[in-house]
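Written out below as structure tokens is the structure these notes cover.
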Amino acid sequence: MNNIPMKTRSLKLLEFLSLEKSADRLLALEVPKDALSWTRFCGALLLVLVVLLFLSGIFMAFYYSPIPGTAYDSVDFALFNVPFGSVVKGVHHYSWNLLLMVMGVHLGRSLILGSYKAPRQMVWVTGVIILLFVPLFIITGDLLPWDQKGYWSTQVRLSIISSVPGMGHIAARLLQGGSLTGVVALTRFYVLHILMLPGLLVLLIAVHFHFIRHRGLSEPLGADPVSRPRIPFYPNVVNRWLFLFIMVSIILGVISWHWIPPFGDPADPTDSSYIPKPEWWVLFLNQLVSVFKGGLAVLGSTIIPAGLAGLLICLPFIDRSPHRHPARRWKILLPAAAIVIAILTLSIMGYMEHFVLVEN
Amino acid sequence: MSRRKFLKTAILTGCTALVTGIPLATYVILPSLKQEPGNWIDFGSVEDLEPDNFNMLSYEFMVKDGWITLPQRGFVWAKAEAKQQIKIFSSTCSHLACNVIWQKETREFVCPCHSGRFDAQGQPIAGPPSRPLTVLEHKVADGNLMVFMKV
């Protein structure tokens, strides 16, 4: 066996599929060597988590029936009676929690190192849009198991949406498909969660990658851009990503095997004793809502969160100086740190109120 | 690209959006905006109400939820001050739709979600709520308490 016939055979296949030019482009693609440094693997990890969420979600859909009551039984069956049930649901559960955390780190790194600056403004903008888009998955996904937590959290979220001035009430009705949280609402949440939102997310990620591809990765601070060493994308980056995928899958699988993902009692709309506790990522928003009372309620529920989101999106157009070093950007980093501290303080206040003081 | 070519494609794109968009939007949006009529619910004899205290009255009635008919369950708070003086409050907190609970000892309604509190007249006295509890329309027919419930 020599190599020459093999090569021509694979070339012939590529030509048959009209992929020979794409293959050449892929093999010629080079990225800066620092793309593989340990300080910037958040993006790769996020892609791993998104792929895991898609896969585990598709698997769970095989055993899911979106009807109130039956939905709970179907999730219960998938979790306890199907082989790898707790692993599949667990990977989904732990992946989205981890996704939110890693997104925070990803954003924080970009903020501190100023990698949102020209010419990469749109990489930042699309990234922030993805960050703001992800909670829609949680809002729609939480109701699907039809357990107490999902049902009552949904009731609270729907009334928060309704309280937004202007379109809030109509938005809540559209989401529910009426005035009830029943079979119509569950079907809508299901279709949004497994079809429309994932489709949009793939589109958003593609746009994010489009800008990274054309505007490149930011240079390490203090590095000489001319002598930046480059490595081939294939196989170096591809193999590293596959290795990361295998490691993360195994770790999350083992975690899910040991700590079965939370699954409460069946939803009971009459059960007044059930108190929905806000999730960790939403504690600060929840606390904002309860800090502002009376006529100022709009401030906490709408104006401040919308203002923060707006500021975050517009950051590359607010901070336009060419400097990237944190020491030369204290005018941006100090207010940002103040906002982060405020968010952490509100989160701790919320944690105390909902998790510590309640116990006593 | 000439102005003429651009306009032609733009008009065709617009028509494509209208032809598919109008039926799809109507299909998804209109049914969700339909208002359901309310029901008069019978809560049993007025005599059974414990006087000078709020009673938790549970209800269950059938509502049409899209293509299935389901029992809608919940409860209201009712107080009979005198024979003809009955006050009915919805259990839904005016803040974020959790169920408020009557505390006999402190004579307050407490919302467990964000620690909102209301006095016996349903007025907010502490916490985030700014609006009073909803007073539900009621009547007494043949000695039975009837409350008008909207879905």
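Following the order of the structure tokens, first chain is A, next is B, and so on, with residues numbered from 1 inside each chain and ligands from 1 in the order they appear.
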Requested in this report: Skip region 16-32 of chain B itself and residues of its chain fewer than 4 positions away, then list as a ChimeraX atom specification all residues within 6 Å of it, counting only C-alpha atoms.
Outcome: /A:174,177-178
Please report, as JSON lines, each residue of chain A lying at most 9 Å from chain B, together with the nearest pair of atoms and the separation in Å rounded to one decimal; use only C-alpha atoms, and order rows by chain and ascending residue number.
```
{"residue": "A:Trp152", "atom": "CA", "partner": "B:Cys98", "partner_atom": "CA", "distance": 8.0}
{"residue": "A:Gln155", "atom": "CA", "partner": "B:Ala97", "partner_atom": "CA", "distance": 6.7}
{"residue": "A:Val156", "atom": "CA", "partner": "B:Leu96", "partner_atom": "CA", "distance": 5.5}
{"residue": "A:Arg157", "atom": "CA", "partner": "B:Leu96", "partner_atom": "CA", "distance": 8.0}
{"residue": "A:Leu158", "atom": "CA", "partner": "B:Leu96", "partner_atom": "CA", "distance": 8.4}
{"residue": "A:Ser159", "atom": "CA", "partner": "B:Leu96", "partner_atom": "CA", "distance": 5.3}
{"residue": "A:Ile160", "atom": "CA", "partner": "B:Leu96", "partner_atom": "CA", "distance": 6.4}
{"residue": "A:Ser163", "atom": "CA", "partner": "B:Leu96", "partner_atom": "CA", "distance": 8.5}
{"residue": "A:Ile170", "atom": "CA", "partner": "B:Leu33", "partner_atom": "CA", "distance": 7.8}
{"residue": "A:Arg173", "atom": "CA", "partner": "B:Ser32", "partner_atom": "CA", "distance": 6.1}
{"residue": "A:Leu174", "atom": "CA", "partner": "B:Ser32", "partner_atom": "CA", "distance": 5.7}
{"residue": "A:Leu175", "atom": "CA", "partner": "B:Ser32", "partner_atom": "CA", "distance": 8.4}
{"residue": "A:Gln176", "atom": "CA", "partner": "B:Ser32", "partner_atom": "CA", "distance": 7.3}
{"residue": "A:Gly177", "atom": "CA", "partner": "B:Ser32", "partner_atom": "CA", "distance": 4.1}
{"residue": "A:Gly178", "atom": "CA", "partner": "B:Ser32", "partner_atom": "CA", "distance": 4.2}
{"residue": "A:Ser179", "atom": "CA", "partner": "B:Val151", "partner_atom": "CA", "distance": 6.9}
{"residue": "A:Leu180", "atom": "CA", "partner": "B:Asp65", "partner_atom": "CA", "distance": 7.1}
{"residue": "A:Thr181", "atom": "CA", "partner": "B:Asp65", "partner_atom": "CA", "distance": 8.7}
{"residue": "A:Gly182", "atom": "CA", "partner": "B:Asp65", "partner_atom": "CA", "distance": 6.5}
{"residue": "A:Val183", "atom": "CA", "partner": "B:Asp65", "partner_atom": "CA", "distance": 6.6}
{"residue": "A:Val184", "atom": "CA", "partner": "B:Gly66", "partner_atom": "CA", "distance": 5.8}
{"residue": "A:Asp268", "atom": "CA", "partner": "B:Arg73", "partner_atom": "CA", "distance": 8.8}
{"residue": "A:Pro269", "atom": "CA", "partner": "B:Arg73", "partner_atom": "CA", "distance": 6.5}
{"residue": "A:Thr270", "atom": "CA", "partner": "B:Gly74", "partner_atom": "CA", "distance": 4.6}
{"residue": "A:Asp271", "atom": "CA", "partner": "B:Gly74", "partner_atom": "CA", "distance": 8.1}
{"residue": "A:Ser272", "atom": "CA", "partner": "B:Asn99", "partner_atom": "CA", "distance": 5.7}
{"residue": "A:Ser273", "atom": "CA", "partner": "B:Asn99", "partner_atom": "CA", "distance": 8.4}
{"residue": "A:Tyr274", "atom": "CA", "partner": "B:Pro112", "partner_atom": "CA", "distance": 8.9}
{"residue": "A:Ile275", "atom": "CA", "partner": "B:Cys113", "partner_atom": "CA", "distance": 6.1}
{"residue": "A:Pro276", "atom": "CA", "partner": "B:Cys113", "partner_atom": "CA", "distance": 7.0}
{"residue": "A:Lys277", "atom": "CA", "partner": "B:Cys113", "partner_atom": "CA", "distance": 7.7}
{"residue": "A:Asn286", "atom": "CA", "partner": "B:His114", "partner_atom": "CA", "distance": 8.9}
{"residue": "A:Gln287", "atom": "CA", "partner": "B:His114", "partner_atom": "CA", "distance": 8.9}
{"residue": "A:Val289", "atom": "CA", "partner": "B:Pro128", "partner_atom": "CA", "distance": 7.6}
{"residue": "A:Ser290", "atom": "CA", "partner": "B:Pro128", "partner_atom": "CA", "distance": 5.2}
{"residue": "A:Val291", "atom": "CA", "partner": "B:Pro128", "partner_atom": "CA", "distance": 7.3}
{"residue": "A:Phe292", "atom": "CA", "partner": "B:Pro128", "partner_atom": "CA", "distance": 6.9}
{"residue": "A:Lys293", "atom": "CA", "partner": "B:Pro128", "partner_atom": "CA", "distance": 4.8}
{"residue": "A:Gly294", "atom": "CA", "partner": "B:Ser130", "partner_atom": "CA", "distance": 4.4}
{"residue": "A:Gly295", "atom": "CA", "partner": "B:Ser130", "partner_atom": "CA", "distance": 7.4}
{"residue": "A:Ala297", "atom": "CA", "partner": "B:Pro128", "partner_atom": "CA", "distance": 7.8}
{"residue": "A:Glu353", "atom": "CA", "partner": "B:His114", "partner_atom": "CA", "distance": 8.6}
{"residue": "A:His354", "atom": "CA", "partner": "B:Cys113", "partner_atom": "CA", "distance": 8.2}
```
Query raised in the report: Which distance in Å separates CA of Thr345 (chain A) and CA of Leu288 (chain A), to one decimal?
Result: 10.8 Å
Query raised in the report: Which value, in Å to one decimal, gives the distance between CA of Phe80 (chain A) and CA of Phe263 (chain A)?
Result: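 Between CA of Phe80 (chain A) and CA of Phe263 (chain A) the gap is 10.9 Å.
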**Report entry** Shell of 9 Å around Pro232 (chain A), only C-alpha atoms, local chain residues under 4 positions omitted, as number ranges by chain
**Finding:** A: 27-33, 236-237
